[in-house]
$ cat data06.csv   # CSV, C-alpha atoms
chain,number,residue,atom,x,y,z
G,1,MET,CA,-4.3,-10.1,-16.0
G,2,THR,CA,-6.2,-13.2,-15.2
G,3,ASP,CA,-3.6,-15.9,-15.0
G,4,VAL,CA,-1.9,-15.1,-11.6
G,5,ARG,CA,-0.3,-17.9,-9.6
G,6,ALA,CA,1.4,-15.9,-6.9
G,7,VAL,CA,3.4,-15.9,-3.7
G,8,MET,CA,3.7,-12.9,-1.4
G,9,LEU,CA,6.9,-12.4,0.6
G,10,ASP,CA,6.9,-9.9,3.5
G,11,VAL,CA,10.3,-8.3,3.4
G,12,GLY,CA,9.0,-5.4,5.5
G,13,ARG,CA,8.6,-7.4,8.7
G,14,LYS,CA,11.4,-9.9,8.2
G,15,ARG,CA,14.8,-10.0,6.4
G,16,PHE,CA,15.4,-12.4,3.6
G,17,ASP,CA,18.7,-12.3,1.8
G,18,ALA,CA,18.9,-12.1,-2.0
G,19,ALA,CA,20.3,-15.7,-2.3
G,20,TRP,CA,17.3,-17.1,-0.4
G,21,ILE,CA,14.9,-15.1,-2.6
G,22,ALA,CA,16.7,-16.3,-5.7
G,23,ARG,CA,16.2,-19.9,-4.5
G,24,LEU,CA,12.5,-19.2,-3.9
G,25,LEU,CA,12.2,-17.8,-7.4
G,26,GLU,CA,13.7,-21.0,-8.8
G,27,SER,CA,11.3,-23.1,-6.9
G,28,MET,CA,8.4,-21.0,-8.1
G,29,GLY,CA,9.5,-21.4,-11.7
G,30,GLU,CA,9.7,-25.2,-11.2
G,31,LEU,CA,6.2,-25.2,-9.8
G,32,GLY,CA,4.6,-23.0,-12.5
G,33,LEU,CA,4.1,-20.0,-10.2
G,34,ASN,CA,4.5,-16.8,-12.1
G,35,THR,CA,4.2,-13.8,-9.7
G,36,LEU,CA,6.1,-12.8,-6.6
G,37,GLN,CA,4.6,-9.8,-4.7
G,38,LEU,CA,7.3,-8.2,-2.5
G,39,HIS,CA,5.6,-6.5,0.5
G,40,LEU,CA,8.4,-4.0,0.9
G,41,SER,CA,7.2,-2.0,3.9
G,42,ASP,CA,5.1,-2.4,7.0
G,43,ALA,CA,4.8,-0.7,10.3
G,44,VAL,CA,7.9,-2.3,11.6
G,45,GLY,CA,10.3,-1.7,8.7
G,46,LEU,CA,11.2,-0.9,5.1
G,47,GLY,CA,12.9,-3.9,3.7
G,48,VAL,CA,14.7,-2.3,0.8
G,49,GLU,CA,17.2,0.5,0.3
G,50,LEU,CA,15.4,3.0,-1.9
G,51,PRO,CA,17.7,5.3,-3.8
G,52,GLY,CA,17.5,8.7,-2.2
G,53,PHE,CA,15.8,7.3,0.9
G,54,GLU,CA,18.5,4.9,2.2
G,55,ARG,CA,18.2,6.2,5.8
G,56,LEU,CA,14.6,4.8,6.0
G,57,ALA,CA,15.7,1.2,5.4
G,58,ALA,CA,15.8,-1.4,8.2
G,59,PRO,CA,19.1,-3.0,9.1
G,60,GLY,CA,19.9,-5.8,6.7
G,61,ALA,CA,17.4,-4.5,4.0
G,62,LEU,CA,17.8,-5.5,0.4
G,63,THR,CA,20.4,-3.3,-1.4
G,64,PRO,CA,20.1,-2.2,-5.0
G,65,ASP,CA,22.6,-4.9,-6.0
G,66,ASP,CA,20.4,-7.4,-4.2
G,67,VAL,CA,17.4,-6.2,-6.2
G,68,ALA,CA,19.3,-6.4,-9.5
G,69,LEU,CA,20.1,-10.1,-8.6
G,70,ILE,CA,16.5,-10.8,-7.7
G,71,ARG,CA,15.2,-9.2,-10.9
G,72,ALA,CA,17.6,-11.2,-13.1
G,73,ARG,CA,16.7,-14.4,-11.4
G,74,ALA,CA,13.0,-13.6,-11.7
G,75,ASP,CA,13.4,-13.0,-15.4
G,76,ALA,CA,15.2,-16.3,-15.8
G,77,CYS,CA,12.5,-18.2,-14.0
G,78,GLY,CA,9.5,-16.6,-15.7
G,79,VAL,CA,8.3,-14.8,-12.5
G,80,ARG,CA,7.0,-11.3,-12.5
G,81,LEU,CA,7.9,-9.1,-9.5
G,82,ILE,CA,5.2,-6.8,-8.0
G,83,PRO,CA,6.7,-4.4,-5.4
G,84,GLU,CA,4.3,-3.2,-2.7
G,85,LEU,CA,4.9,0.0,-0.8
G,86,ASP,CA,2.1,-0.1,1.8
G,87,THR,CA,0.4,3.3,2.4
G,88,PRO,CA,-1.4,5.2,3.8
G,89,SER,CA,-1.3,3.0,6.9
G,90,HIS,CA,1.6,1.0,8.2
G,91,ALA,CA,3.8,3.9,7.2
G,92,THR,CA,5.9,4.3,10.4
G,93,PRO,CA,9.3,3.6,8.7
G,94,LEU,CA,8.4,5.8,5.8
G,95,LEU,CA,7.6,8.8,8.1
G,96,VAL,CA,10.9,8.9,9.9
G,97,GLY,CA,12.0,12.5,9.8
G,98,ARG,CA,8.6,13.4,8.3
G,99,GLU,CA,6.5,13.5,11.4
G,100,GLU,CA,4.6,16.5,10.1
G,101,PHE,CA,2.9,14.1,7.6
G,102,ARG,CA,1.3,12.0,10.4
G,103,LEU,CA,-2.5,11.9,10.7
G,104,ARG,CA,-4.3,13.2,13.9
G,105,ASP,CA,-7.6,11.9,15.0
G,106,CYS,CA,-10.6,13.9,16.5
G,107,SER,CA,-9.0,13.9,19.9
G,108,GLY,CA,-5.7,15.3,18.6
G,109,MET,CA,-3.9,12.0,19.0
G,110,VAL,CA,-1.1,11.5,16.5
G,111,GLU,CA,-1.3,8.2,14.5
G,112,PRO,CA,2.4,7.3,14.1
G,113,ASP,CA,1.7,4.8,11.2
G,114,LYS,CA,-0.9,6.8,9.2
G,115,ILE,CA,-0.3,9.5,6.6
G,116,ASP,CA,-2.4,12.6,6.6
G,117,LEU,CA,-3.9,12.4,3.1
G,118,SER,CA,-5.2,15.9,3.3
G,119,ASN,CA,-1.6,17.2,3.3
G,120,PRO,CA,-0.5,17.8,-0.4
G,121,ALA,CA,3.2,17.7,0.7
G,122,ALA,CA,2.6,14.3,2.2
G,123,ARG,CA,1.0,13.0,-1.0
G,124,ARG,CA,3.9,14.4,-3.0
G,125,TYR,CA,6.3,12.6,-0.7
G,126,VAL,CA,4.6,9.3,-1.2
G,127,GLY,CA,4.9,9.9,-5.0
G,128,GLU,CA,8.6,10.4,-4.6
G,129,LEU,CA,8.9,7.2,-2.7
G,130,TRP,CA,7.1,5.4,-5.5
G,131,ASP,CA,9.4,7.0,-8.1
G,132,ALA,CA,12.3,5.4,-6.2
G,133,VAL,CA,10.6,2.0,-6.1
G,134,ILE,CA,9.7,2.1,-9.8
G,135,GLY,CA,13.2,3.2,-10.7
G,136,LEU,CA,14.7,0.4,-8.8
G,137,PHE,CA,12.4,-2.5,-9.9
G,138,GLU,CA,11.2,-1.2,-13.3
G,139,PRO,CA,7.9,-3.1,-12.8
G,140,GLU,CA,4.9,-3.5,-15.0
G,141,VAL,CA,2.6,-3.8,-12.0
G,142,VAL,CA,2.8,-2.4,-8.5
G,143,HIS,CA,0.7,-2.9,-5.4
G,144,LEU,CA,-0.4,0.3,-3.7
G,145,GLY,CA,-1.2,-1.4,-0.3
G,146,GLY,CA,-4.1,0.5,1.2
G,147,ASP,CA,-5.1,-1.8,4.1
G,148,GLU,CA,-6.2,-1.0,7.6
G,149,PHE,CA,-6.3,2.8,7.3
G,150,LEU,CA,-9.7,3.9,8.5
G,151,ALA,CA,-10.5,1.0,10.8
G,152,ALA,CA,-8.7,-2.3,11.1
G,153,PRO,CA,-10.8,-5.5,11.3
G,154,TRP,CA,-10.0,-5.9,15.0
G,155,GLU,CA,-10.8,-2.3,16.1
G,156,ASP,CA,-14.0,-1.4,17.9
G,157,ASP,CA,-17.0,0.8,16.9
G,158,GLU,CA,-15.3,3.9,18.3
G,159,ALA,CA,-12.6,3.5,15.7
G,160,ARG,CA,-15.2,3.4,13.0
G,161,ARG,CA,-16.7,6.8,13.9
G,162,PRO,CA,-17.4,8.7,10.7
G,163,ASP,CA,-15.7,11.8,12.2
G,164,ARG,CA,-12.7,10.0,13.5
G,165,TYR,CA,-10.4,12.1,11.2
G,166,PRO,CA,-11.8,15.6,10.7
G,167,VAL,CA,-9.0,16.7,8.4
G,168,LEU,CA,-9.9,13.8,6.0
G,169,LEU,CA,-13.6,14.9,6.0
G,170,ASP,CA,-12.7,18.5,5.4
G,171,TRP,CA,-10.5,17.6,2.5
G,172,ALA,CA,-13.0,15.2,0.9
G,173,ARG,CA,-15.8,17.6,1.2
G,174,ALA,CA,-13.7,20.4,-0.3
G,175,GLU,CA,-12.9,18.1,-3.3
G,176,ALA,CA,-16.1,16.1,-3.7
G,177,GLY,CA,-18.9,17.9,-2.0
G,178,PRO,CA,-20.6,18.3,1.4
G,179,GLY,CA,-21.7,14.6,1.6
G,180,ALA,CA,-18.2,13.2,1.3
G,181,THR,CA,-16.9,10.7,3.8
G,182,ALA,CA,-13.5,9.5,5.0
G,183,GLU,CA,-13.8,6.7,2.5
G,184,ASP,CA,-14.1,9.3,-0.2
G,185,ALA,CA,-10.8,10.9,1.1
G,186,TYR,CA,-9.2,7.5,0.8
G,187,ALA,CA,-10.5,7.0,-2.7
G,188,LEU,CA,-9.2,10.5,-3.7
G,189,TYR,CA,-5.8,9.5,-2.4
G,190,VAL,CA,-5.8,6.1,-4.2
G,191,THR,CA,-6.9,7.8,-7.4
G,192,GLU,CA,-4.1,10.3,-7.3
G,193,LEU,CA,-1.6,7.6,-6.5
G,194,ALA,CA,-2.8,5.3,-9.2
G,195,ASP,CA,-2.5,8.2,-11.7
G,196,HIS,CA,1.0,8.8,-10.5
G,197,VAL,CA,2.2,5.2,-11.1
G,198,ARG,CA,0.2,4.9,-14.3
G,199,ARG,CA,2.1,7.9,-15.7
G,200,ARG,CA,5.3,5.9,-15.0
G,201,GLY,CA,4.0,2.9,-17.0
G,202,CYS,CA,2.6,0.8,-14.2
G,203,SER,CA,-0.8,-0.8,-13.5
G,204,ALA,CA,-1.8,-1.2,-9.9
G,205,TRP,CA,-3.3,-3.6,-7.3
G,206,LEU,CA,-5.0,-2.5,-4.1
G,207,TRP,CA,-6.1,-4.3,-0.9
G,208,ASN,CA,-9.9,-4.4,-0.5
G,209,ASP,CA,-10.3,-3.0,3.0
G,210,HIS,CA,-11.7,0.5,2.2
G,211,VAL,CA,-13.0,0.0,-1.4
G,212,VAL,CA,-16.7,1.0,-1.3
G,213,PRO,CA,-18.7,-1.2,-3.6
G,214,ALA,CA,-20.2,0.5,-6.7
G,215,ASP,CA,-23.8,-0.4,-5.6
G,216,ALA,CA,-23.2,1.8,-2.5
G,217,ARG,CA,-22.7,4.8,-4.9
G,218,PRO,CA,-19.6,6.4,-3.3
G,219,LEU,CA,-19.1,10.0,-4.3
G,220,VAL,CA,-15.5,9.1,-5.2
G,221,PRO,CA,-15.2,5.5,-6.6
G,222,VAL,CA,-11.7,4.0,-6.8
G,223,PRO,CA,-10.4,3.8,-10.4
G,224,HIS,CA,-12.0,0.9,-12.2
G,225,ASP,CA,-8.7,-0.3,-13.8
G,226,LEU,CA,-7.3,-1.2,-10.4
G,227,VAL,CA,-7.1,-4.9,-9.5
G,228,VAL,CA,-8.7,-5.2,-6.0
G,229,ASP,CA,-6.8,-7.8,-4.0
G,230,VAL,CA,-9.1,-9.3,-1.4
G,231,TRP,CA,-7.1,-10.6,1.5
G,232,VAL,CA,-9.6,-10.9,4.4
G,233,ARG,CA,-13.2,-10.3,5.3
G,234,TRP,CA,-13.5,-10.4,9.0
G,235,ARG,CA,-16.6,-8.2,9.3
G,236,GLU,CA,-19.6,-7.6,7.1
G,237,TRP,CA,-18.5,-4.0,6.3
G,238,THR,CA,-15.3,-5.2,4.7
G,239,PRO,CA,-15.9,-5.6,0.9
G,240,SER,CA,-15.9,-9.2,-0.3
G,241,VAL,CA,-14.9,-10.6,-3.7
G,242,LEU,CA,-18.5,-10.5,-4.8
G,243,ASP,CA,-18.9,-6.8,-3.7
$ encode --input "data06.csv" --output "structure tokens"
Amino acid sequence: MTDVRAVMLDVGRKRFDAAWIARLLESMGELGLNTLQLHLSDAVGLGVELPGFERLAAPGALTPDDVALIRARADACGVRLIPELDTPSHATPLLVGREEFRLRDCSGMVEPDKIDLSNPAARRYVGELWDAVIGLFEPEVVHLGGDEFLAAPWEDDEARRPDRYPVLLDWARAEAGPGATAEDAYALYVTELADHVRRRGCSAWLWNDHVVPADARPLVPVPHDLVVDVWVRWREWTPSVLD
């Protein structure tokens, strides 16, 4: 997929009604834009009612009927929809009632917006959320999110400690060997999630934040068929487009 002329709409942080999104799609079609990425979730909310998970949705979230209208208008305007469910960070609204899936750091502090990737039940739960997204949107392409999990661009060196999340290190080393890092744990999660959506007929995009460039020889590289979506490079350790 090389011909992408896209808009991203953040329905996780802010409510947009279906009629407004339909007008946006019409404008996109007139301008020759062909892709609308819907950022469905962020730390402050889930902007769509997912079948089976309606209780997680923010007030005023898009309903299944809204999604049906948006899908029909997108088809009519020649615009592809790419739903994004942002994990493993920014997951606060997805973890309501699932607090046992939250990550703890080396001091024992609970991270309310981060998923414990080492927990197989938590990974299965994310897969179930994705099943609901794919069933609702029937997309060809999805966006796995993946930003700001291990260290956000604005965090200090303490947040970048290699042993910040011991459970991630233990899991990665059990799966990939004694030299594995937290980045390898992240790549294990992304690989499993990419396989999950691929089995449901979807290819996937991923934010660039924690993708280790191939020349750094990670023990667990992210799958090479993912599209890496480079959104920011505020520090030298964030992979660039060239990397």
$ residues_around --input "data06.csv" --residues "segment 65-78 of chain G" --least-positions-apart "3" --cutoff "6 Å" --atoms "all atoms listed in the file" --output "PyMOL selection string"
chain G and resi 18+22+29+62
$ closest_residue --input "data06.csv" --among "G:Arg80, G:Arg15, G:Arg160, G:Arg98" --to "Thr63 of chain G" --atoms "all atoms listed in the file"
G:Arg15
$ residues_near_point --input "data06.csv" --point "(-17.0, 18.5, -0.8)" --cutoff "12 Å" --atoms "only C-alpha atoms" --output "JSON, numbers by chain"
{"G": [168, 169, 170, 171, 172, 173, 174, 175, 176, 177, 178, 179, 180, 181, 182, 184, 185, 188, 219, 220]}
$ closest_residue --input "data06.csv" --among "G:Glu140, G:Asp209, G:Glu128, G:Glu111" --to "Arg164 of chain G" --atoms "only C-alpha atoms"
G:Glu111
$ closest_residue --input "data06.csv" --among "G:Ala194, G:Cys106, G:Val133, G:Leu144" --to "Asp163 of chain G" --atoms "only C-alpha atoms"
G:Cys106
$ closest_residue --input "data06.csv" --among "G:Cys202, G:Val190, G:Ala58, G:Ala216" --to "Thr87 of chain G" --atoms "all atoms listed in the file"
G:Val190
$ closest_residue --input "data06.csv" --among "G:Asp42, G:Glu236, G:Asp225, G:Asp10" --to "Val141 of chain G" --atoms "all atoms listed in the file"
G:Asp225
$ atom_distance --input "data06.csv" --atom1 "atom CA of Pro162 of chain G" --atom2 "atom CA of Val212 of chain G"
14.3 Å
$ closest_residue --input "data06.csv" --among "G:Ala159, G:Val197, G:Ala187, G:Val222" --to "Val126 of chain G" --atoms "all atoms listed in the file"
G:Val197
$ atom_distance --input "data06.csv" --atom1 "atom CA of Val230 of chain G" --atom2 "atom CA of Asn208 of chain G"
5.0 Å
$ atom_distance --input "data06.csv" --atom1 "atom CA of Pro223 of chain G" --atom2 "atom CA of Ala122 of chain G"
20.9 Å
$ residues_around --input "data06.csv" --residues "Pro213 of chain G" --least-positions-apart "2" --cutoff "10 Å" --atoms "all atoms listed in the file" --output "MDAnalysis selection string"
chainID G and resid 208 210:211 215:218 221:222 238:240 242:243
$ residues_around --input "data06.csv" --residues "Asp131 of chain G" --least-positions-apart "3" --cutoff "10 Å" --atoms "only C-alpha atoms" --output "list in words"
Leu50, Pro51, Tyr125, Val126, Gly127, Glu128, Ile134, Gly135, Leu136, Glu138, His196, Val197 and Arg200 of chain G
$ residues_around --input "data06.csv" --residues "Pro59 of chain G" --least-positions-apart "6" --cutoff "10 Å" --atoms "all atoms listed in the file" --output "number ranges by chain"
G: 15, 45-49
$ residues_near_point --input "data06.csv" --point "(-6.6, -5.5, -4.4)" --cutoff "9 Å" --atoms "all atoms listed in the file" --output "ChimeraX atom specification"
/G:143-146,204-209,211,226-231
